[in-house]
Structures are given as C-alpha cells and as structure tokens.
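my_file_11.pdb follows (PDB, C-alpha atoms):
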ATOM      1  CA  MET A  25       2.173 -48.233  15.683  1.00  0.00           C
ATOM      2  CA  VAL A  26       5.350 -47.060  13.958  1.00  0.00           C
ATOM      3  CA  THR A  27       3.291 -44.620  11.875  1.00  0.00           C
ATOM      4  CA  ALA A  28       1.682 -43.156  14.993  1.00  0.00           C
ATOM      5  CA  LYS A  29       5.085 -42.655  16.620  1.00  0.00           C
ATOM      6  CA  PHE A  30       6.448 -41.056  13.467  1.00  0.00           C
ATOM      7  CA  LEU A  31       3.486 -38.666  13.288  1.00  0.00           C
ATOM      8  CA  ALA A  32       3.846 -37.784  16.970  1.00  0.00           C
ATOM      9  CA  ILE A  33       7.537 -36.990  16.467  1.00  0.00           C
ATOM     10  CA  LEU A  34       6.728 -34.925  13.376  1.00  0.00           C
ATOM     11  CA  VAL A  35       4.085 -32.919  15.260  1.00  0.00           C
ATOM     12  CA  LEU A  36       6.470 -32.371  18.173  1.00  0.00           C
ATOM     13  CA  ALA A  37       9.209 -31.183  15.816  1.00  0.00           C
ATOM     14  CA  GLN A  38       6.724 -28.770  14.222  1.00  0.00           C
ATOM     15  CA  LEU A  39       5.743 -27.374  17.620  1.00  0.00           C
ATOM     16  CA  VAL A  40       9.376 -26.927  18.636  1.00  0.00           C
ATOM     17  CA  ALA A  41      10.183 -25.198  15.331  1.00  0.00           C
ATOM     18  CA  CYS A  42       7.286 -22.775  15.756  1.00  0.00           C
ATOM     19  CA  GLY A  43       7.052 -20.051  18.345  1.00  0.00           C
ATOM     20  CA  ARG A  44       8.789 -16.873  19.412  1.00  0.00           C
ATOM     21  CA  SER A  45      12.137 -16.889  21.079  1.00  0.00           C
ATOM     22  CA  PRO A  46      14.688 -14.187  21.858  1.00  0.00           C
ATOM     23  CA  ASN A  47      17.243 -15.789  19.526  1.00  0.00           C
ATOM     24  CA  PHE A  48      17.895 -13.186  16.856  1.00  0.00           C
ATOM     25  CA  SER A  49      20.978 -14.372  14.969  1.00  0.00           C
ATOM     26  CA  ALA A  50      23.885 -12.901  13.052  1.00  0.00           C
ATOM     27  CA  ASP A  51      22.360 -14.603   9.990  1.00  0.00           C
ATOM     28  CA  ASP A  52      19.109 -12.699  10.588  1.00  0.00           C
ATOM     29  CA  PHE A  53      21.092  -9.443  10.669  1.00  0.00           C
ATOM     30  CA  LYS A  54      22.914 -10.365   7.444  1.00  0.00           C
ATOM     31  CA  ARG A  55      19.647 -11.221   5.658  1.00  0.00           C
ATOM     32  CA  ALA A  56      18.044  -7.983   6.814  1.00  0.00           C
ATOM     33  CA  THR A  57      20.917  -5.597   6.118  1.00  0.00           C
ATOM     34  CA  GLY A  58      23.270  -7.327   3.718  1.00  0.00           C
ATOM     35  CA  HIS A  59      26.082  -6.682   6.214  1.00  0.00           C
ATOM     36  CA  SER A  60      27.747  -8.708   8.932  1.00  0.00           C
ATOM     37  CA  LEU A  61      26.682  -8.120  12.508  1.00  0.00           C
ATOM     38  CA  PRO A  62      29.232  -5.669  13.929  1.00  0.00           C
ATOM     39  CA  GLU A  63      31.490  -6.825  16.752  1.00  0.00           C
ATOM     40  CA  SER A  64      30.151  -3.970  18.877  1.00  0.00           C
ATOM     41  CA  ALA A  65      26.531  -5.109  18.486  1.00  0.00           C
ATOM     42  CA  HIS A  66      24.512  -5.395  21.667  1.00  0.00           C
ATOM     43  CA  ILE A  67      21.010  -6.754  21.115  1.00  0.00           C
ATOM     44  CA  LEU A  68      18.693  -4.756  23.361  1.00  0.00           C
ATOM     45  CA  LYS A  69      15.485  -6.555  22.385  1.00  0.00           C
ATOM     46  CA  SER A  70      14.822  -9.294  19.863  1.00  0.00           C
ATOM     47  CA  GLU A  71      12.510 -12.057  18.824  1.00  0.00           C
ATOM     48  CA  SER A  72      12.538 -14.793  16.263  1.00  0.00           C
ATOM     49  CA  ARG A  73       9.857 -17.123  14.984  1.00  0.00           C
ATOM     50  CA  ASN A  74      10.091 -20.220  12.829  1.00  0.00           C
ATOM     51  CA  TRP A  75       6.617 -20.768  11.454  1.00  0.00           C
ATOM     52  CA  ASP A  76       7.048 -24.186   9.911  1.00  0.00           C
ATOM     53  CA  LEU A  77       9.519 -26.775   8.726  1.00  0.00           C
ATOM     54  CA  HIS A  78       9.577 -25.287   5.215  1.00  0.00           C
ATOM     55  CA  GLY A  79      11.671 -22.293   6.243  1.00  0.00           C
ATOM     56  CA  ASP A  80       9.111 -19.581   7.019  1.00  0.00           C
ATOM     57  CA  HIS A  81      10.937 -17.376   9.485  1.00  0.00           C
ATOM     58  CA  ASP A  82      10.469 -13.931  11.047  1.00  0.00           C
ATOM     59  CA  ALA A  83      13.021 -12.071  13.138  1.00  0.00           C
ATOM     60  CA  CYS A  84      13.159  -8.575  14.623  1.00  0.00           C
ATOM     61  CA  ALA A  85      15.678  -6.760  16.769  1.00  0.00           C
ATOM     62  CA  LEU A  86      16.682  -3.466  18.279  1.00  0.00           C
ATOM     63  CA  ILE A  87      20.474  -3.368  18.301  1.00  0.00           C
ATOM     64  CA  GLU A  88      22.929  -0.901  19.806  1.00  0.00           C
ATOM     65  CA  VAL A  89      26.302  -0.514  18.066  1.00  0.00           C
ATOM     66  CA  SER A  90      29.382   1.649  18.511  1.00  0.00           C
ATOM     67  CA  GLU A  91      29.438   5.122  16.972  1.00  0.00           C
ATOM     68  CA  GLN A  92      32.037   3.864  14.467  1.00  0.00           C
ATOM     69  CA  ASP A  93      29.893   0.893  13.375  1.00  0.00           C
ATOM     70  CA  TYR A  94      26.845   3.168  13.211  1.00  0.00           C
ATOM     71  CA  ALA A  95      28.762   5.523  10.883  1.00  0.00           C
ATOM     72  CA  GLN A  96      29.848   2.601   8.670  1.00  0.00           C
ATOM     73  CA  LEU A  97      26.287   1.263   8.432  1.00  0.00           C
ATOM     74  CA  SER A  98      25.022   4.780   7.802  1.00  0.00           C
ATOM     75  CA  ALA A  99      27.330   5.038   4.800  1.00  0.00           C
ATOM     76  CA  ALA A 100      26.195   1.620   3.528  1.00  0.00           C
ATOM     77  CA  ILE A 101      22.401   1.868   3.865  1.00  0.00           C
ATOM     78  CA  ARG A 102      20.448   2.482   0.647  1.00  0.00           C
ATOM     79  CA  PRO A 103      17.441   4.621   1.585  1.00  0.00           C
ATOM     80  CA  THR A 104      14.175   3.295   0.177  1.00  0.00           C
ATOM     81  CA  SER A 105      10.529   3.641   1.061  1.00  0.00           C
ATOM     82  CA  PRO A 106       8.085   0.867   1.987  1.00  0.00           C
ATOM     83  CA  SER A 107       6.560   1.070  -1.489  1.00  0.00           C
ATOM     84  CA  ASP A 108       9.892  -0.156  -2.896  1.00  0.00           C
ATOM     85  CA  GLY A 109       9.633  -3.387  -0.923  1.00  0.00           C
ATOM     86  CA  LYS A 110       6.844  -5.887  -0.383  1.00  0.00           C
ATOM     87  CA  LEU A 111       5.752  -5.728   3.248  1.00  0.00           C
ATOM     88  CA  SER A 112       5.163  -9.028   4.971  1.00  0.00           C
ATOM     89  CA  ASN A 113       2.189  -9.477   7.235  1.00  0.00           C
ATOM     90  CA  THR A 114       3.621  -8.682  10.664  1.00  0.00           C
ATOM     91  CA  PRO A 115       7.074 -10.123  11.233  1.00  0.00           C
ATOM     92  CA  CYS A 116       7.281  -8.512  14.677  1.00  0.00           C
ATOM     93  CA  SER A 117       5.011  -8.772  17.692  1.00  0.00           C
ATOM     94  CA  ASN A 118       2.961  -5.786  18.844  1.00  0.00           C
ATOM     95  CA  ALA A 119       5.376  -5.391  21.769  1.00  0.00           C
ATOM     96  CA  MET A 120       8.318  -5.153  19.384  1.00  0.00           C
ATOM     97  CA  TYR A 121       6.564  -2.595  17.175  1.00  0.00           C
ATOM     98  CA  ALA A 122       5.780  -0.586  20.324  1.00  0.00           C
ATOM     99  CA  ARG A 123       9.501  -0.645  21.169  1.00  0.00           C
ATOM    100  CA  PHE A 124      10.385   0.528  17.632  1.00  0.00           C
ATOM    101  CA  ALA A 125       7.797   3.330  17.891  1.00  0.00           C
ATOM    102  CA  GLN A 126       9.787   4.901  20.745  1.00  0.00           C
ATOM    103  CA  TYR A 127      12.433   6.066  18.251  1.00  0.00           C
ATOM    104  CA  SER A 128      12.583   8.376  15.241  1.00  0.00           C
ATOM    105  CA  VAL A 129      14.007   6.844  12.097  1.00  0.00           C
ATOM    106  CA  ARG A 130      16.813   8.737  10.384  1.00  0.00           C
ATOM    107  CA  VAL A 131      17.010   6.504   7.307  1.00  0.00           C
ATOM    108  CA  ALA A 132      15.519   3.128   6.336  1.00  0.00           C
ATOM    109  CA  GLU A 133      15.953   0.485   3.672  1.00  0.00           C
ATOM    110  CA  TYR A 134      13.219  -1.883   2.506  1.00  0.00           C
ATOM    111  CA  ALA A 135      13.533  -4.736   0.035  1.00  0.00           C
ATOM    112  CA  SER A 136      11.861  -7.960  -0.987  1.00  0.00           C
ATOM    113  CA  TRP A 137      13.043 -10.846  -3.112  1.00  0.00           C
ATOM    114  CA  ASP A 138      11.507 -13.403  -5.415  1.00  0.00           C
ATOM    115  CA  GLY A 139      10.799 -16.714  -3.782  1.00  0.00           C
ATOM    116  CA  GLY A 140       9.504 -15.072  -0.630  1.00  0.00           C
ATOM    117  CA  GLY A 141      11.336 -12.677   1.548  1.00  0.00           C
ATOM    118  CA  PHE A 142      11.146  -9.184   2.972  1.00  0.00           C
ATOM    119  CA  ARG A 143      13.722  -7.155   4.851  1.00  0.00           C
ATOM    120  CA  HIS A 144      13.723  -3.778   6.535  1.00  0.00           C
ATOM    121  CA  TRP A 145      16.343  -2.049   8.585  1.00  0.00           C
ATOM    122  CA  ALA A 146      16.512   1.461   9.903  1.00  0.00           C
ATOM    123  CA  LEU A 147      18.974   3.695  11.682  1.00  0.00           C
ATOM    124  CA  VAL A 148      17.614   5.579  14.672  1.00  0.00           C
ATOM    125  CA  ASP A 149      18.014   9.337  14.628  1.00  0.00           C
ATOM    126  CA  GLY A 150      20.421  10.650  17.275  1.00  0.00           C
ATOM    127  CA  LYS A 151      21.422   7.287  18.780  1.00  0.00           C
ATOM    128  CA  PRO A 152      23.611   4.424  17.532  1.00  0.00           C
ATOM    129  CA  LEU A 153      20.645   2.058  17.328  1.00  0.00           C
ATOM    130  CA  ILE A 154      19.466  -0.152  14.483  1.00  0.00           C
ATOM    131  CA  MET A 155      15.963  -1.560  14.044  1.00  0.00           C
ATOM    132  CA  VAL A 156      15.872  -4.770  11.994  1.00  0.00           C
ATOM    133  CA  GLN A 157      13.076  -6.904  10.540  1.00  0.00           C
ATOM    134  CA  VAL A 158      13.378  -9.896   8.215  1.00  0.00           C
ATOM    135  CA  ALA A 159      10.813 -12.429   7.046  1.00  0.00           C
ATOM    136  CA  THR A 160      11.185 -15.388   4.712  1.00  0.00           C
ATOM    137  CA  TRP A 161       8.451 -17.611   3.347  1.00  0.00           C
TER
END

Translate this structure into structure tokens?
Amino acid sequence: MVTAKFLAILVLAQLVACGRSPNFSADDFKRATGHSLPESAHILKSESRNWDLHGDHDACALIEVSEQDYAQLSAAIRPTSPSDGKLSNTPCSNAMYARFAQYSVRVAEYASWDGGGFRHWALVDGKPLIMVQVATW
C-alpha cells in the first residue's frame, strides 16, 4: 500500500512538473542571453515547460525593454547564425512562433552547450523588443 501511494505521489509530481505555463523567469532570460533581466523588462508573451523531473525545460518570451536597455543589450549581443548553435526540437509552441513571426529580427545570437542546452535570443528591428528561447535537456 505504501508503494502504491508513493507511486501515485511520484506520478502526480511528474504531471505538475510538466506542462506549459506563462511563468518565464529571470533565470530563463539569463540562460538565454547571458545577461540579467533588465529592470525595465515587461514580458508581453511567454511560456515555460518543464518536461520531466530530470531538468528538461523549455522557455520562450517576447519582452519589451526601455530604449536604454535595448541599446545596452544591442551592444552586448554576439551575432551568430543558427548553424553555429544546435537547434532543439521546438522549445516554443506554434502560437509563440506565430507571435515571433510578426517581427523582423535585427540581430540574433544562437548557442548550445555540452550536456544539453540551446539558447537563442534576438533583437527586433525598429522596436525595443527581445525574443528569447532557451531549452535544457
């Protein structure tokens, strides 16, 4: 009986850990960009998914920042192409990619790391907006 209860709790914890939510975090921004989330940041649209208890995690966001923060991030971004980074399957939902597709990218940075991770962030052309994607596995 104790084993059945333990398994039920484990399955419930797995279900709670999995699934999309709008909780994009400052840590997600840091992992994706290498920079702290600016004070001026206003998250316009976001999603986050924890796939399992082992740490698989996807997060995406469209973030508005002040012109000053946009200029600072613009000076810090290291332009790369997707071929320089290892793309993950699809860290964002189709709805999020449709939102991203509404904007032209001025500059983007892609990177991956050993042990399982991918990050991509881009500055929108003509607006102080940042598109962010990060996936760990």

Neighbourhood query: residues within 8 Å of (11.8, -9.0, 7.5), file coordinates, counting all atoms listed in the file; return as an mmCIF file with C-alpha atoms, in the coordinates of the input.
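Contents of point_14.cif, freshly written:
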data_model
loop_
_atom_site.group_PDB
_atom_site.id
_atom_site.type_symbol
_atom_site.label_atom_id
_atom_site.label_comp_id
_atom_site.auth_asym_id
_atom_site.auth_seq_id
_atom_site.Cartn_x
_atom_site.Cartn_y
_atom_site.Cartn_z
ATOM 1 C CA ALA A 56 18.044 -7.983 6.814
ATOM 2 C CA ASP A 82 10.469 -13.931 11.047
ATOM 3 C CA ALA A 83 13.021 -12.071 13.138
ATOM 4 C CA CYS A 84 13.159 -8.575 14.623
ATOM 5 C CA SER A 112 5.163 -9.028 4.971
ATOM 6 C CA PRO A 115 7.074 -10.123 11.233
ATOM 7 C CA GLY A 141 11.336 -12.677 1.548
ATOM 8 C CA PHE A 142 11.146 -9.184 2.972
ATOM 9 C CA ARG A 143 13.722 -7.155 4.851
ATOM 10 C CA HIS A 144 13.723 -3.778 6.535
ATOM 11 C CA VAL A 156 15.872 -4.770 11.994
ATOM 12 C CA GLN A 157 13.076 -6.904 10.540
ATOM 13 C CA VAL A 158 13.378 -9.896 8.215
ATOM 14 C CA ALA A 159 10.813 -12.429 7.046
ATOM 15 C CA THR A 160 11.185 -15.388 4.712
#

* Between A:Lys54, A:Met120, A:Asp80, A:Ile87, which has the minimum distance to Trp161 (chain A) (counting all atoms listed in the file)? -> A:Asp80

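If you measure from each of A:Ala50, A:Ala85, A:Gln126, A:Asp93 to Ser64 (chain A) using only C-alpha atoms, the closest one turns out to be A:Asp93.
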
Report the centre and edge lengths, in Å to one decimal, of an axis-aligned box enclosing every atom of region 118-128 of chain A listed in the file, padded by 4 Å on each side, as lines of an AutoDock Vina configuration file.
center_x = 7.8
center_y = 1.3
center_z = 18.5
size_x = 17.6
size_y = 22.2
size_z = 14.5

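Among A:Lys69, A:Ser105, A:Ala99, A:Ala122, the residue with the shortest atom-to-atom distance to Tyr134 (chain A), counting only C-alpha atoms, is A:Ser105.
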
* By how many Å are CA of Ser72 (chain A) and CA of Ala146 (chain A) apart? ->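 So the answer is 17.9 Å.
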
Quick one: which residues end up in the PyMOL selection byres ((chain A and resi 101) around 8) for this structure, as a compact mmCIF listing (two decimals) with C-alpha atoms, in the frame of the given file?
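Result went into expr-v4.txt, see below:
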# COMPACT_ATOMS: atom_id res chain seq x y z
CA THR A 57 20.92 -5.60 6.12
CA LEU A 97 26.29 1.26 8.43
CA SER A 98 25.02 4.78 7.80
CA ALA A 99 27.33 5.04 4.80
CA ALA A 100 26.20 1.62 3.53
CA ARG A 102 20.45 2.48 0.65
CA PRO A 103 17.44 4.62 1.58
CA VAL A 131 17.01 6.50 7.31
CA ALA A 132 15.52 3.13 6.34
CA GLU A 133 15.95 0.48 3.67

* Which of these, A:Ala135, A:Ala125, A:Cys116, A:Ala95, has the shortest distance to Lys151 (chain A) once you count only C-alpha atoms? ->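 Closest to Lys151 (chain A), using only C-alpha atoms: A:Ala95.
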
* Counting only C-alpha atoms, the residue of A:Pro106, A:Arg123, A:Asp51, A:Val89 that sits nearest Leu147 (chain A) ->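 Comparing A:Pro106, A:Arg123, A:Asp51, A:Val89 against Leu147 (chain A), the winner is A:Val89.
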
* To do: Tell me which residues the PyMOL selection byres ((chain A and resi 88) around 8) grabs here, as a PyMOL selection string.
  => chain A and resi 64-68+86-87+89-90+152-154

* **For Thr104 (chain A), the nearest of the candidates A:Glu91, A:Ser49, A:Trp145, A:Glu63, counting all atoms listed in the file** =>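 Checking each of A:Glu91, A:Ser49, A:Trp145, A:Glu63 against Thr104 (chain A), counting all atoms listed in the file, the winner is A:Trp145.
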
* Asked: Just how far from CA of Ser128 (chain A) is CA of Pro62 (chain A), in Å to one decimal?
  ->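 Interatomic distance, CA of Pro62 (chain A) to CA of Ser128 (chain A): 21.8 Å.
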
* Structure fact -> note - CA of Gln92 (chain A) and CA of Ser70 (chain A) are separated by 22.3 Å

Cut-off 6 Å around (19.0, 9.2, 13.0) with all atoms listed in the file: residues as a CSV table (one decimal) with C-alpha atoms, in the coordinates of the input:
chain,number,residue,atom,x,y,z
A,129,VAL,CA,14.0,6.8,12.1
A,130,ARG,CA,16.8,8.7,10.4
A,147,LEU,CA,19.0,3.7,11.7
A,148,VAL,CA,17.6,5.6,14.7
A,149,ASP,CA,18.0,9.3,14.6
A,150,GLY,CA,20.4,10.6,17.3
